[in-house]
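Student: Okay, here's the structure, questions in a sec.
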Amino acid sequence: MNSEPNHSMAPIQPIAAIERVFSVPLDNERAFALFTQQMMLWWPPEYTWSNDVLVYIGMEPLVGGRCFERGPEGFEIDWGRVLVWEPPHRLILRWQISPHREPEPNPAKASEIEVRFSVNTESSTWVSFEHRHFEWHGGESEVYRNALDAPEGWTAILERYAQVAGAMASI
């Protein structure tokens, strides 16, 4: 069974990726672990379906693993799948949240997020974030991309990650 999306139908006009590069005061291993295995510490609960009753958010640490949230009473919802898992250097996720902020079960209508972690100094890491292939989401792709590129989108989410990394560095 092929789990890769099929984008070979009609030509699609590419939409610019969202890119951010910043440094955090953690070594590669800790920066990667915070991003992938400690999402509860930095992901804003108001950016989940569960909001203030969020029980868990995270990803399964393997190719094909789920990125998901868990709420009360067994509520779970997938956000996407791990496409590449290369700790502590690289992660690629299939982002299966639609422009309407709903789960998108069709992988052909999902974008991708790639995060790279590279040594800056012995105790700091460059984090390179790219959210790409918005055109795969279909109709409202450009609006979706612009919303996620706004200050309250990926900028706010990644700033929160960097703030938590800074707090962890002092521990």
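Each chain of the structure tokens is named A, B, ... in the order shown, its residues numbered from 1; ligands are numbered from 1 in display order.
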Give me, as number ranges by chain, the residues of range 63-122 of chain A that a backbone DSSP run labels strand (DSSP E).
Tutor: A: 66-70, 76-86, 90-95, 111-121
Student: Can those selected residues be exported to a file as a compact mmCIF listing (two decimals), in the first residue's frame so that it contains N, CA and C atoms?
Tutor:
# COMPACT_ATOMS: atom_id res chain seq x y z
N ARG A 66 1.81 9.05 14.02
CA ARG A 66 0.81 10.11 14.03
C ARG A 66 1.32 11.34 14.76
N CYS A 67 0.92 12.51 14.30
CA CYS A 67 0.98 13.74 15.07
C CYS A 67 -0.48 13.97 15.46
N PHE A 68 -0.76 14.08 16.74
CA PHE A 68 -2.16 14.08 17.17
C PHE A 68 -2.33 14.80 18.49
N GLU A 69 -3.60 15.05 18.80
CA GLU A 69 -3.95 15.57 20.11
C GLU A 69 -4.95 14.63 20.77
N ARG A 70 -4.93 14.65 22.08
CA ARG A 70 -5.86 13.85 22.87
C ARG A 70 -6.57 14.79 23.84
N GLU A 76 -9.58 11.77 20.38
CA GLU A 76 -8.30 11.90 19.70
C GLU A 76 -8.54 12.38 18.28
N ILE A 77 -7.63 13.19 17.80
CA ILE A 77 -7.72 13.67 16.42
C ILE A 77 -6.31 13.77 15.84
N ASP A 78 -6.16 13.21 14.67
CA ASP A 78 -4.86 13.25 13.98
C ASP A 78 -4.67 14.59 13.30
N TRP A 79 -3.44 15.10 13.38
CA TRP A 79 -3.05 16.32 12.68
C TRP A 79 -2.25 15.98 11.43
N GLY A 80 -1.67 14.79 11.41
CA GLY A 80 -0.85 14.41 10.27
C GLY A 80 -0.01 13.19 10.57
N ARG A 81 0.94 12.94 9.68
CA ARG A 81 1.81 11.77 9.77
C ARG A 81 3.27 12.17 9.64
N VAL A 82 4.12 11.42 10.32
CA VAL A 82 5.56 11.60 10.21
C VAL A 82 6.01 10.95 8.91
N LEU A 83 6.63 11.74 8.02
CA LEU A 83 7.14 11.23 6.75
C LEU A 83 8.63 10.92 6.83
N VAL A 84 9.37 11.74 7.59
CA VAL A 84 10.81 11.55 7.79
C VAL A 84 11.09 11.77 9.27
N TRP A 85 11.81 10.83 9.87
CA TRP A 85 12.17 10.91 11.29
C TRP A 85 13.66 10.64 11.39
N GLU A 86 14.46 11.70 11.55
CA GLU A 86 15.91 11.59 11.61
C GLU A 86 16.45 12.36 12.82
N ARG A 90 16.39 16.11 11.68
CA ARG A 90 15.37 16.45 10.68
C ARG A 90 14.07 15.70 10.93
N LEU A 91 12.98 16.40 10.60
CA LEU A 91 11.64 15.86 10.74
C LEU A 91 10.80 16.41 9.59
N ILE A 92 10.02 15.56 8.94
CA ILE A 92 9.03 16.03 7.96
C ILE A 92 7.69 15.43 8.34
N LEU A 93 6.69 16.30 8.40
CA LEU A 93 5.32 15.90 8.73
C LEU A 93 4.40 16.19 7.55
N ARG A 94 3.45 15.30 7.33
CA ARG A 94 2.33 15.61 6.44
C ARG A 94 1.31 16.34 7.31
N TRP A 95 0.97 17.58 6.93
CA TRP A 95 0.07 18.44 7.70
C TRP A 95 -1.34 18.27 7.18
N SER A 111 -0.45 19.46 3.17
CA SER A 111 0.84 20.09 2.93
C SER A 111 1.91 19.38 3.74
N GLU A 112 3.12 19.91 3.71
CA GLU A 112 4.23 19.31 4.45
C GLU A 112 4.92 20.36 5.30
N ILE A 113 5.43 19.88 6.42
CA ILE A 113 6.26 20.71 7.31
C ILE A 113 7.59 19.99 7.47
N GLU A 114 8.67 20.71 7.20
CA GLU A 114 10.01 20.17 7.43
C GLU A 114 10.69 21.05 8.47
N VAL A 115 11.29 20.40 9.46
CA VAL A 115 12.04 21.11 10.49
C VAL A 115 13.43 20.47 10.56
N ARG A 116 14.45 21.33 10.43
CA ARG A 116 15.84 20.88 10.52
C ARG A 116 16.49 21.51 11.74
N PHE A 117 17.34 20.73 12.38
CA PHE A 117 18.05 21.16 13.58
C PHE A 117 19.54 21.01 13.29
N SER A 118 20.29 22.11 13.32
CA SER A 118 21.72 22.04 13.03
C SER A 118 22.51 22.80 14.10
N VAL A 119 23.70 22.33 14.35
CA VAL A 119 24.54 22.89 15.40
C VAL A 119 24.87 24.35 15.08
N ASN A 120 24.66 25.19 16.06
CA ASN A 120 25.08 26.58 15.99
C ASN A 120 26.35 26.72 16.82
N THR A 121 26.25 26.39 18.10
CA THR A 121 27.40 26.30 19.00
C THR A 121 27.21 25.01 19.79
Student: Check the smallest atom-to-atom distance from each of A:Val127, A:Ala156, A:Ile171, A:Val143 to Ala31 in chain A using only C-alpha atoms, then report the winner.
Tutor: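 Selected residue with least distance to Ala31 in chain A: A:Val127.
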Student: Go ahead and compute the interatomic distance for CA of Gly58 in chain A and CA of Ser141 in chain A, in Å to one decimal.
Tutor: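 These atoms are spaced 25.2 Å apart.
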Student: Excluding Leu34 in chain A and its own-chain neighbours fewer than 6 positions away, which residues fall within 10 Å of it when counting only C-alpha atoms? Please give them as a PyMOL selection string.
Tutor: chain A and resi 26+28+40-42+161-162+164-165+168
Student: For a test of reading the model, state the distance in Å between CA of Glu122 in chain A and CA of Gly166 in chain A, rounded to one decimal.
Tutor: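 Here the two named atoms are 15.0 Å from each other.
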Student: Quick one: residues within 10 Å of range 97-100 of chain A, only C-alpha atoms counted, chain neighbours fewer than 5 positions away excluded, as a list in words?
Tutor: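 Selected residues are Asp78, Trp79, Gly80, Pro105, Asn106, Lys109, Ala110, Ser111, Phe134, His137, Gly138, Gly139, Glu140, Ser141, Glu142, Val143, Tyr144, Arg145, Ala147 and Leu148 of chain A.
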Student: Could you tell me, as a count of residues only, which residues of chain A DSSP assigns to alpha helix (DSSP H) when given the backbone?
Tutor: 37
Student: From the list A:Glu29, A:Asp52, A:Val63, A:His131, which residue is nearest Gly153 in chain A when using only C-alpha atoms?
Tutor: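 That would be A:His131, the residue with the smallest distance to Gly153 in chain A.
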